[in-house]
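> Supplied structure: final.csv, CSV, C-alpha atoms and all ligand atoms.
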```csv
chain,number,residue,atom,x,y,z
A,47,MET,CA,-43.9,-55.7,-7.4
A,48,ARG,CA,-46.4,-58.2,-6.4
A,49,LEU,CA,-46.5,-60.0,-3.1
A,50,THR,CA,-48.2,-63.4,-2.4
A,51,ILE,CA,-47.9,-65.2,0.9
A,52,LEU,CA,-48.1,-68.9,0.3
A,53,GLY,CA,-48.7,-69.7,3.9
A,54,SER,CA,-47.4,-68.7,7.4
A,55,GLY,CA,-47.2,-70.3,10.8
A,56,SER,CA,-45.2,-72.9,12.7
A,57,GLY,CA,-46.2,-75.4,10.1
A,58,GLY,CA,-44.3,-73.6,7.3
A,59,ASN,CA,-43.6,-70.1,5.9
A,60,ALA,CA,-43.0,-69.0,2.3
A,61,ALA,CA,-43.8,-65.8,0.3
A,62,VAL,CA,-43.3,-64.8,-3.3
A,63,ILE,CA,-42.3,-61.4,-4.6
A,64,GLN,CA,-42.6,-60.9,-8.4
A,65,ASN,CA,-41.2,-58.2,-10.5
A,66,ASN,CA,-40.5,-57.8,-14.2
A,67,GLY,CA,-41.9,-61.3,-14.9
A,68,SER,CA,-39.6,-63.2,-12.5
A,69,SER,CA,-40.2,-64.4,-9.0
A,70,ILE,CA,-38.2,-64.6,-5.7
A,71,LEU,CA,-39.1,-67.1,-3.0
A,72,VAL,CA,-38.7,-65.7,0.5
A,73,ASP,CA,-38.3,-68.7,2.9
A,74,SER,CA,-39.1,-72.2,1.8
A,75,GLY,CA,-40.7,-73.8,4.8
A,76,PHE,CA,-43.0,-76.3,3.0
A,77,SER,CA,-42.2,-79.7,1.5
A,78,TYR,CA,-41.4,-79.6,-2.2
A,79,LYS,CA,-44.8,-81.2,-3.0
A,80,LEU,CA,-46.8,-78.7,-0.9
A,81,LEU,CA,-44.8,-75.7,-2.2
A,82,ASN,CA,-45.6,-76.7,-5.7
A,83,SER,CA,-49.3,-77.2,-5.1
A,84,LYS,CA,-49.4,-73.7,-3.5
A,85,LEU,CA,-47.7,-72.2,-6.5
A,86,LYS,CA,-50.1,-73.9,-8.7
A,87,ILE,CA,-53.1,-72.5,-6.8
A,88,CYS,CA,-51.8,-68.9,-7.4
A,89,GLY,CA,-50.6,-69.6,-10.9
A,90,ILE,CA,-46.9,-68.8,-10.3
A,91,PRO,CA,-44.8,-71.1,-12.5
A,92,PRO,CA,-41.8,-72.7,-10.7
A,93,GLU,CA,-39.7,-71.9,-13.7
A,94,SER,CA,-40.2,-68.2,-13.1
A,95,PHE,CA,-38.0,-68.2,-10.0
A,96,SER,CA,-34.6,-66.5,-10.2
A,97,ALA,CA,-33.7,-66.6,-6.4
A,98,MET,CA,-34.6,-68.1,-3.1
A,99,LEU,CA,-33.8,-66.2,0.1
A,100,ILE,CA,-33.7,-67.8,3.6
A,101,THR,CA,-34.2,-65.9,6.8
A,102,HIS,CA,-33.0,-68.6,9.2
A,103,GLU,CA,-32.5,-72.4,9.3
A,104,HIS,CA,-35.5,-73.5,11.3
A,105,GLU,CA,-37.5,-76.2,9.5
A,106,ASP,CA,-40.6,-74.0,9.1
A,107,HIS,CA,-38.5,-71.6,6.9
A,108,ALA,CA,-36.0,-73.9,5.2
A,109,LYS,CA,-37.7,-77.3,4.7
A,110,GLY,CA,-38.2,-77.4,1.0
A,111,LEU,CA,-35.1,-75.4,0.1
A,112,GLY,CA,-32.8,-78.2,-1.4
A,113,ALA,CA,-35.4,-79.9,-3.6
A,114,PHE,CA,-36.9,-76.7,-5.0
A,115,SER,CA,-33.5,-75.3,-5.7
A,116,ARG,CA,-32.2,-78.5,-7.4
A,117,ILE,CA,-35.2,-79.3,-9.4
A,118,HIS,CA,-35.9,-75.8,-10.7
A,119,ARG,CA,-32.2,-74.7,-10.7
A,120,VAL,CA,-32.9,-71.7,-8.5
A,121,PRO,CA,-30.0,-70.1,-6.7
A,122,VAL,CA,-30.3,-69.9,-2.9
A,123,TYR,CA,-29.2,-66.7,-1.2
A,124,ILE,CA,-28.3,-67.3,2.5
A,125,ASN,CA,-25.7,-66.2,5.0
A,126,GLU,CA,-23.0,-68.7,5.7
A,127,THR,CA,-23.8,-69.1,9.4
A,128,THR,CA,-27.4,-70.0,8.6
A,129,TYR,CA,-26.2,-72.4,5.9
A,130,LYS,CA,-23.9,-74.2,8.5
A,131,GLY,CA,-26.8,-74.2,10.9
A,132,LEU,CA,-29.0,-75.9,8.3
A,133,MET,CA,-26.3,-78.5,7.6
A,134,ARG,CA,-26.2,-79.3,11.3
A,135,ILE,CA,-30.0,-79.9,11.3
A,136,THR,CA,-30.3,-81.8,8.0
A,137,ARG,CA,-26.9,-83.7,8.5
A,138,LYS,CA,-26.3,-83.7,4.8
A,139,ASP,CA,-25.3,-81.3,2.1
A,140,ILE,CA,-28.4,-79.7,0.5
A,141,ASP,CA,-26.6,-79.8,-2.8
A,142,ALA,CA,-28.1,-76.6,-4.0
A,143,ASN,CA,-26.8,-73.6,-5.9
A,144,VAL,CA,-25.8,-71.6,-2.8
A,145,ASN,CA,-24.7,-67.9,-2.8
A,146,PHE,CA,-23.6,-66.5,0.5
A,147,PHE,CA,-24.4,-63.0,1.5
A,148,GLU,CA,-23.1,-61.1,4.5
A,149,THR,CA,-25.9,-59.9,6.8
A,150,GLY,CA,-26.3,-56.2,5.9
A,151,ASP,CA,-25.4,-56.7,2.2
A,152,VAL,CA,-27.6,-55.3,-0.5
A,153,LEU,CA,-28.4,-57.6,-3.4
A,154,ASP,CA,-29.8,-56.6,-6.8
A,155,ILE,CA,-32.2,-59.3,-8.2
A,156,ASN,CA,-34.9,-58.8,-10.8
A,157,GLY,CA,-34.6,-55.0,-10.5
A,158,ILE,CA,-35.3,-55.2,-6.8
A,159,GLU,CA,-32.8,-53.9,-4.2
A,160,ILE,CA,-32.8,-56.5,-1.4
A,161,LYS,CA,-31.3,-55.7,1.9
A,162,SER,CA,-30.7,-58.1,4.7
A,163,PHE,CA,-30.5,-57.0,8.3
A,164,PRO,CA,-30.0,-58.8,11.7
A,165,VAL,CA,-32.9,-59.8,13.9
A,166,LEU,CA,-33.0,-61.4,17.4
A,167,HIS,CA,-34.2,-65.0,17.3
A,168,ASP,CA,-32.9,-68.4,18.6
A,169,ALA,CA,-31.2,-69.4,15.3
A,170,ALA,CA,-27.6,-69.2,14.0
A,171,GLU,CA,-27.7,-65.8,12.3
A,172,PRO,CA,-31.3,-64.9,11.5
A,173,VAL,CA,-32.2,-62.0,9.2
A,174,GLY,CA,-35.1,-59.9,8.0
A,175,PHE,CA,-35.3,-58.5,4.4
A,176,SER,CA,-36.4,-55.4,2.7
A,177,PHE,CA,-37.3,-55.3,-1.0
A,178,THR,CA,-37.2,-51.9,-2.8
A,179,SER,CA,-38.2,-51.2,-6.4
A,180,GLY,CA,-38.6,-47.5,-7.4
A,181,ASN,CA,-40.5,-45.8,-4.5
A,182,LYS,CA,-42.1,-49.0,-3.3
A,183,LYS,CA,-40.8,-51.1,-0.4
A,184,ILE,CA,-41.8,-54.4,1.1
A,185,SER,CA,-40.3,-55.4,4.4
A,186,TYR,CA,-40.3,-59.0,5.8
A,187,VAL,CA,-39.6,-59.9,9.4
A,188,THR,CA,-40.9,-63.1,11.0
A,189,ASP,CA,-39.4,-64.9,14.0
A,190,ILE,CA,-38.0,-62.0,16.0
A,191,GLY,CA,-38.0,-61.9,19.7
A,192,SER,CA,-37.3,-58.2,20.2
A,193,ILE,CA,-38.1,-55.0,18.4
A,194,THR,CA,-34.6,-53.6,17.9
A,195,GLU,CA,-33.5,-50.2,16.5
A,196,GLN,CA,-32.2,-52.0,13.4
A,197,VAL,CA,-35.6,-53.7,12.8
A,198,VAL,CA,-37.4,-50.3,13.2
A,199,ASP,CA,-34.9,-48.5,10.9
A,200,ASN,CA,-35.1,-51.2,8.2
A,201,LEU,CA,-38.9,-51.2,8.2
A,202,LYS,CA,-39.3,-47.4,8.0
A,203,ASN,CA,-40.9,-46.1,4.8
A,204,SER,CA,-42.4,-49.5,3.9
A,205,SER,CA,-45.3,-49.7,1.6
A,206,VAL,CA,-46.1,-53.2,2.8
A,207,ALA,CA,-44.8,-54.7,6.0
A,208,VAL,CA,-44.9,-58.4,6.6
A,209,ILE,CA,-44.5,-58.8,10.4
A,210,GLU,CA,-45.0,-61.4,13.0
A,211,ALA,CA,-47.9,-61.6,15.4
A,212,ASN,CA,-47.2,-65.0,16.9
A,213,HIS,CA,-49.0,-65.2,20.1
A,214,ASP,CA,-51.4,-63.4,22.4
A,215,VAL,CA,-49.7,-63.0,25.8
A,216,GLU,CA,-52.8,-63.9,27.8
A,217,MET,CA,-53.6,-67.0,25.6
A,218,LEU,CA,-49.9,-68.1,25.9
A,219,LEU,CA,-49.7,-67.7,29.7
A,220,ASN,CA,-53.1,-69.4,30.3
A,221,GLY,CA,-52.4,-72.1,27.7
A,222,PHE,CA,-51.1,-75.6,28.2
A,223,TYR,CA,-47.5,-75.2,27.0
A,224,PRO,CA,-44.8,-76.2,29.5
A,225,ALA,CA,-43.1,-73.3,31.2
A,226,PHE,CA,-39.8,-73.6,29.3
A,227,LEU,CA,-41.7,-73.3,26.0
A,228,LYS,CA,-43.7,-70.3,27.2
A,229,ASN,CA,-40.5,-68.6,28.2
A,230,ARG,CA,-38.8,-69.4,24.9
A,231,ILE,CA,-41.7,-68.0,22.9
A,232,LYS,CA,-42.1,-64.8,24.9
A,233,GLY,CA,-38.3,-64.4,25.5
A,234,PRO,CA,-36.0,-61.8,23.7
A,235,THR,CA,-35.0,-64.4,21.0
A,236,GLY,CA,-38.4,-66.0,20.6
A,237,HIS,CA,-41.5,-64.5,18.8
A,238,LEU,CA,-43.4,-61.3,18.8
A,239,SER,CA,-46.8,-61.1,20.5
A,240,ASN,CA,-49.9,-59.1,19.3
A,241,ASP,CA,-48.9,-56.3,21.6
A,242,ASP,CA,-45.3,-56.3,20.2
A,243,ALA,CA,-46.7,-56.3,16.6
A,244,LEU,CA,-48.9,-53.3,17.5
A,245,LYS,CA,-45.9,-51.5,19.0
A,246,LEU,CA,-43.8,-52.2,15.9
A,247,ILE,CA,-46.5,-50.9,13.5
A,248,GLN,CA,-46.8,-47.7,15.7
A,249,LEU,CA,-43.1,-47.2,15.3
A,250,ILE,CA,-43.0,-47.6,11.6
A,251,ARG,CA,-46.3,-46.1,10.7
A,252,CYS,CA,-46.2,-43.5,7.9
A,253,GLU,CA,-48.4,-42.3,5.0
A,254,GLU,CA,-46.7,-44.7,2.6
A,255,LEU,CA,-47.6,-47.8,4.7
A,256,GLN,CA,-50.6,-49.3,2.8
A,257,VAL,CA,-50.8,-52.8,4.2
A,258,VAL,CA,-49.5,-54.8,7.1
A,259,TYR,CA,-49.6,-58.6,6.9
A,260,LEU,CA,-49.7,-60.3,10.3
A,261,THR,CA,-47.9,-63.6,10.0
A,262,HIS,CA,-46.7,-66.7,12.0
A,263,LEU,CA,-49.9,-66.7,14.1
A,264,SER,CA,-49.8,-69.6,16.5
A,265,LYS,CA,-52.8,-72.0,16.1
A,266,LYS,CA,-52.7,-72.7,19.9
A,267,ASN,CA,-51.8,-69.3,21.4
A,268,ASN,CA,-53.5,-66.8,19.0
A,269,LYS,CA,-56.6,-66.4,16.9
A,270,PRO,CA,-57.0,-64.2,13.8
A,271,GLU,CA,-59.9,-62.3,15.4
A,272,VAL,CA,-58.0,-61.7,18.6
A,273,ALA,CA,-54.9,-60.4,16.7
A,274,TYR,CA,-57.0,-58.2,14.5
A,275,LYS,CA,-58.9,-56.7,17.4
A,276,LYS,CA,-55.8,-56.1,19.5
A,277,ILE,CA,-53.8,-54.5,16.7
A,278,PHE,CA,-56.4,-52.8,14.5
A,279,GLY,CA,-58.4,-51.4,17.4
A,280,PRO,CA,-55.7,-49.1,18.9
A,281,LEU,CA,-54.5,-48.1,15.4
A,282,ALA,CA,-57.9,-47.0,14.4
A,283,GLU,CA,-58.5,-45.1,17.6
A,284,SER,CA,-55.3,-43.1,17.3
A,285,GLY,CA,-56.6,-40.7,14.7
A,286,LYS,CA,-53.5,-41.2,12.6
A,287,HIS,CA,-53.0,-43.0,9.2
A,288,VAL,CA,-54.2,-46.6,9.5
A,289,PRO,CA,-52.8,-49.2,7.2
A,290,GLU,CA,-55.0,-52.1,6.0
A,291,ILE,CA,-54.4,-55.2,8.3
A,292,ARG,CA,-54.4,-58.6,6.6
A,293,ILE,CA,-53.8,-61.8,8.3
A,294,ALA,CA,-51.7,-64.6,6.7
A,295,ASN,CA,-53.1,-68.1,7.0
A,296,GLN,CA,-51.1,-71.3,7.6
A,297,ASP,CA,-53.1,-73.3,5.1
A,298,GLU,CA,-54.3,-70.8,2.5
A,299,VAL,CA,-52.5,-68.8,-0.1
A,300,SER,CA,-53.2,-65.1,0.2
A,301,GLU,CA,-54.7,-62.9,-2.5
A,302,PRO,CA,-51.7,-61.3,-4.3
A,303,TYR,CA,-51.0,-57.7,-3.5
A,304,ASN,CA,-49.8,-55.4,-6.3
A,305,LEU,CA,-47.7,-52.4,-5.5
K,1,ZN,ZN,-37.6,-69.7,13.9
K,2,ZN,ZN,-40.8,-69.8,12.3
```
Can the structure from this file be put into structure tokens for me?

Amino acid sequence: MRLTILGSGSGGNAAVIQNNGSSILVDSGFSYKLLNSKLKICGIPPESFSAMLITHEHEDHAKGLGAFSRIHRVPVYINETTYKGLMRITRKDIDANVNFFETGDVLDINGIEIKSFPVLHDAAEPVGFSFTSGNKKISYVTDIGSITEQVVDNLKNSSVAVIEANHDVEMLLNGFYPAFLKNRIKGPTGHLSNDDALKLIQLIRCEELQVVYLTHLSKKNNKPEVAYKKIFGPLAESGKHVPEIRIANQDEVSEPYNL
């Protein structure tokens, strides 16, 4: 498998997992134009996509879904509650090739076993995904407000974990966001902080875990260097196996990671 993060943050999220010459898009939170230019930068042909998966209906995860699916004839895999949530937001049929899964289902696409699992977030029925091929596993959870047992169980034995490190609690509390927004972000259905991300990594850490991507960093309430220091520091001091920590950027496409 090969993982490329096209961009991550409140301005849009999308990642590509390639296997056996075909590609899967995980979230589609950029306009059609931007998504295409990002794919061009990393040399992934739009015709190579055999599926699109959507975690939840928020714009930064589902924006370019309809156009990309229609133009490149890519089937969309989504749970029905999320689809209905998306219809409410867009107020029109996205007219895409939609395939409903039930949260918890295991799909088999491109020789990858894809499992969806529930996460806590203020969306209709948000999910995380794990992608397993042979003895390699990529897990993907952004936009979760709480570390649940289900999240930890589904992230265990990952080779690569894509997780959220949205905000630094101090920066959020001292920042200029109104109280209701601060409460939403740090609440149980909001977003994970740097401290939460560290806790999650500690819970899923194993010898197989090679890389952790920190994603969905807030431009206002976090900084890459702050997240790195708060998360890598305690991991390195623990004396246990330390995965490489990479930080996904909102505007730049990541280097592909082969596993
Ligand atoms: Zn969200
Ligand atoms: Zn988001």
> Calculate how many Å separate CA of Thr188 in chain A from CA of Lys275 in chain A, rounding to one decimal.
20.1 Å
> Using all atoms listed in the file, which of the listed residues (A:Asn268, A:Asn212, A:Ser205, A:Ser94) sits closest to Ser239 in chain A?
A:Asn212
> Could you state the separation of CA of Ala97 in chain A and CA of Gly191 in chain A in Å, given to one decimal place?
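Computing it gives 26.9 Å between the two atoms.
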> Which polymer residues have any atom within 12 Å of an atom of Glu271 in chain A, counting all atoms listed in the file, with same-chain residues fewer than 6 positions away left out, as number ranges by chain?
A: 214, 240, 260, 263, 277-279, 291-293
> May I have the residues within 7 Å of ligand ZN 1 (chain K), computed using all atoms listed in the file, as a ChimeraX atom specification?
/A:102,104,167-169,189
> Complete the atom set of range 215-226 of chain A to all heavy atoms and return it as a JSON list (two decimals), in the coordinates of the input.

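After the write, rebuild-v4.json holds the following:
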```
[["chain", "number", "residue", "atom", "x", "y", "z"],
["A", 215, "VAL", "N", -50.37, -62.75, 24.47],
["A", 215, "VAL", "CA", -49.70, -63.00, 25.80],
["A", 215, "VAL", "C", -50.63, -63.76, 26.73],
["A", 215, "VAL", "O", -50.24, -64.76, 27.33],
["A", 215, "VAL", "CB", -49.12, -61.74, 26.38],
["A", 215, "VAL", "CG1", -48.57, -62.01, 27.77],
["A", 215, "VAL", "CG2", -48.03, -61.15, 25.49],
["A", 216, "GLU", "N", -51.87, -63.28, 26.82],
["A", 216, "GLU", "CA", -52.80, -63.90, 27.80],
["A", 216, "GLU", "C", -53.07, -65.39, 27.38],
["A", 216, "GLU", "O", -53.06, -66.27, 28.24],
["A", 216, "GLU", "CB", -54.17, -63.21, 27.67],
["A", 216, "GLU", "CG", -54.40, -62.23, 28.81],
["A", 216, "GLU", "CD", -55.63, -61.40, 28.52],
["A", 216, "GLU", "OE1", -56.74, -61.97, 28.57],
["A", 216, "GLU", "OE2", -55.47, -60.21, 28.22],
["A", 217, "MET", "N", -53.30, -65.62, 26.09],
["A", 217, "MET", "CA", -53.60, -67.00, 25.60],
["A", 217, "MET", "C", -52.36, -67.89, 25.90],
["A", 217, "MET", "O", -52.50, -69.04, 26.31],
["A", 217, "MET", "CB", -53.93, -67.03, 24.16],
["A", 217, "MET", "CG", -55.32, -66.49, 23.87],
["A", 217, "MET", "SD", -55.69, -66.49, 22.09],
["A", 217, "MET", "CE", -55.88, -68.24, 21.79],
["A", 218, "LEU", "N", -51.16, -67.34, 25.67],
["A", 218, "LEU", "CA", -49.90, -68.10, 25.90],
["A", 218, "LEU", "C", -49.79, -68.47, 27.37],
["A", 218, "LEU", "O", -49.57, -69.64, 27.74],
["A", 218, "LEU", "CB", -48.71, -67.35, 25.40],
["A", 218, "LEU", "CG", -47.36, -68.01, 25.64],
["A", 218, "LEU", "CD1", -47.17, -69.24, 24.75],
["A", 218, "LEU", "CD2", -46.20, -67.03, 25.38],
["A", 219, "LEU", "N", -49.94, -67.45, 28.22],
["A", 219, "LEU", "CA", -49.70, -67.70, 29.70],
["A", 219, "LEU", "C", -50.78, -68.61, 30.25],
["A", 219, "LEU", "O", -50.49, -69.41, 31.14],
["A", 219, "LEU", "CB", -49.71, -66.35, 30.41],
["A", 219, "LEU", "CG", -48.52, -65.44, 30.08],
["A", 219, "LEU", "CD1", -48.59, -64.13, 30.86],
["A", 219, "LEU", "CD2", -47.18, -66.14, 30.35],
["A", 220, "ASN", "N", -52.02, -68.53, 29.74],
["A", 220, "ASN", "CA", -53.10, -69.40, 30.30],
["A", 220, "ASN", "C", -53.17, -70.73, 29.54],
["A", 220, "ASN", "O", -53.99, -71.58, 29.89],
["A", 220, "ASN", "CB", -54.45, -68.68, 30.14],
["A", 220, "ASN", "CG", -54.49, -67.42, 31.00],
["A", 220, "ASN", "OD1", -53.89, -67.38, 32.07],
["A", 220, "ASN", "ND2", -55.19, -66.39, 30.53],
["A", 221, "GLY", "N", -52.35, -70.90, 28.52],
["A", 221, "GLY", "CA", -52.40, -72.10, 27.70],
["A", 221, "GLY", "C", -51.68, -73.29, 28.37],
["A", 221, "GLY", "O", -51.17, -73.17, 29.48],
["A", 222, "PHE", "N", -51.63, -74.40, 27.64],
["A", 222, "PHE", "CA", -51.10, -75.60, 28.20],
["A", 222, "PHE", "C", -49.63, -75.88, 27.92],
["A", 222, "PHE", "O", -49.08, -76.93, 28.27],
["A", 222, "PHE", "CB", -51.95, -76.82, 27.77],
["A", 222, "PHE", "CG", -51.87, -77.05, 26.29],
["A", 222, "PHE", "CD1", -50.89, -77.87, 25.76],
["A", 222, "PHE", "CD2", -52.77, -76.43, 25.43],
["A", 222, "PHE", "CE1", -50.80, -78.07, 24.39],
["A", 222, "PHE", "CE2", -52.68, -76.61, 24.05],
["A", 222, "PHE", "CZ", -51.69, -77.43, 23.53],
["A", 223, "TYR", "N", -48.94, -74.96, 27.26],
["A", 223, "TYR", "CA", -47.50, -75.20, 27.00],
["A", 223, "TYR", "C", -46.73, -75.26, 28.25],
["A", 223, "TYR", "O", -47.02, -74.55, 29.21],
["A", 223, "TYR", "CB", -46.98, -74.00, 26.12],
["A", 223, "TYR", "CG", -47.20, -74.14, 24.62],
["A", 223, "TYR", "CD1", -48.12, -75.03, 24.09],
["A", 223, "TYR", "CD2", -46.46, -73.37, 23.73],
["A", 223, "TYR", "CE1", -48.31, -75.13, 22.73],
["A", 223, "TYR", "CE2", -46.65, -73.47, 22.35],
["A", 223, "TYR", "CZ", -47.58, -74.35, 21.86],
["A", 223, "TYR", "OH", -47.77, -74.46, 20.52],
["A", 224, "PRO", "N", -45.69, -76.11, 28.28],
["A", 224, "PRO", "CA", -44.80, -76.20, 29.50],
["A", 224, "PRO", "C", -44.10, -74.82, 29.66],
["A", 224, "PRO", "O", -43.89, -74.08, 28.69],
["A", 224, "PRO", "CB", -43.85, -77.29, 29.16],
["A", 224, "PRO", "CG", -43.91, -77.49, 27.69],
["A", 224, "PRO", "CD", -45.27, -77.07, 27.25],
["A", 225, "ALA", "N", -43.70, -74.56, 30.91],
["A", 225, "ALA", "CA", -43.10, -73.30, 31.20],
["A", 225, "ALA", "C", -41.91, -72.91, 30.38],
["A", 225, "ALA", "O", -41.77, -71.77, 29.93],
["A", 225, "ALA", "CB", -42.72, -73.25, 32.72],
["A", 226, "PHE", "N", -41.05, -73.91, 30.10],
["A", 226, "PHE", "CA", -39.80, -73.60, 29.30],
["A", 226, "PHE", "C", -40.19, -73.10, 27.93],
["A", 226, "PHE", "O", -39.55, -72.20, 27.39],
["A", 226, "PHE", "CB", -38.88, -74.80, 29.29],
["A", 226, "PHE", "CG", -39.23, -75.83, 28.24],
["A", 226, "PHE", "CD1", -38.68, -75.75, 26.96],
["A", 226, "PHE", "CD2", -40.09, -76.88, 28.53],
["A", 226, "PHE", "CE1", -39.01, -76.70, 25.99],
["A", 226, "PHE", "CE2", -40.42, -77.82, 27.57],
["A", 226, "PHE", "CZ", -39.89, -77.73, 26.30]]
```
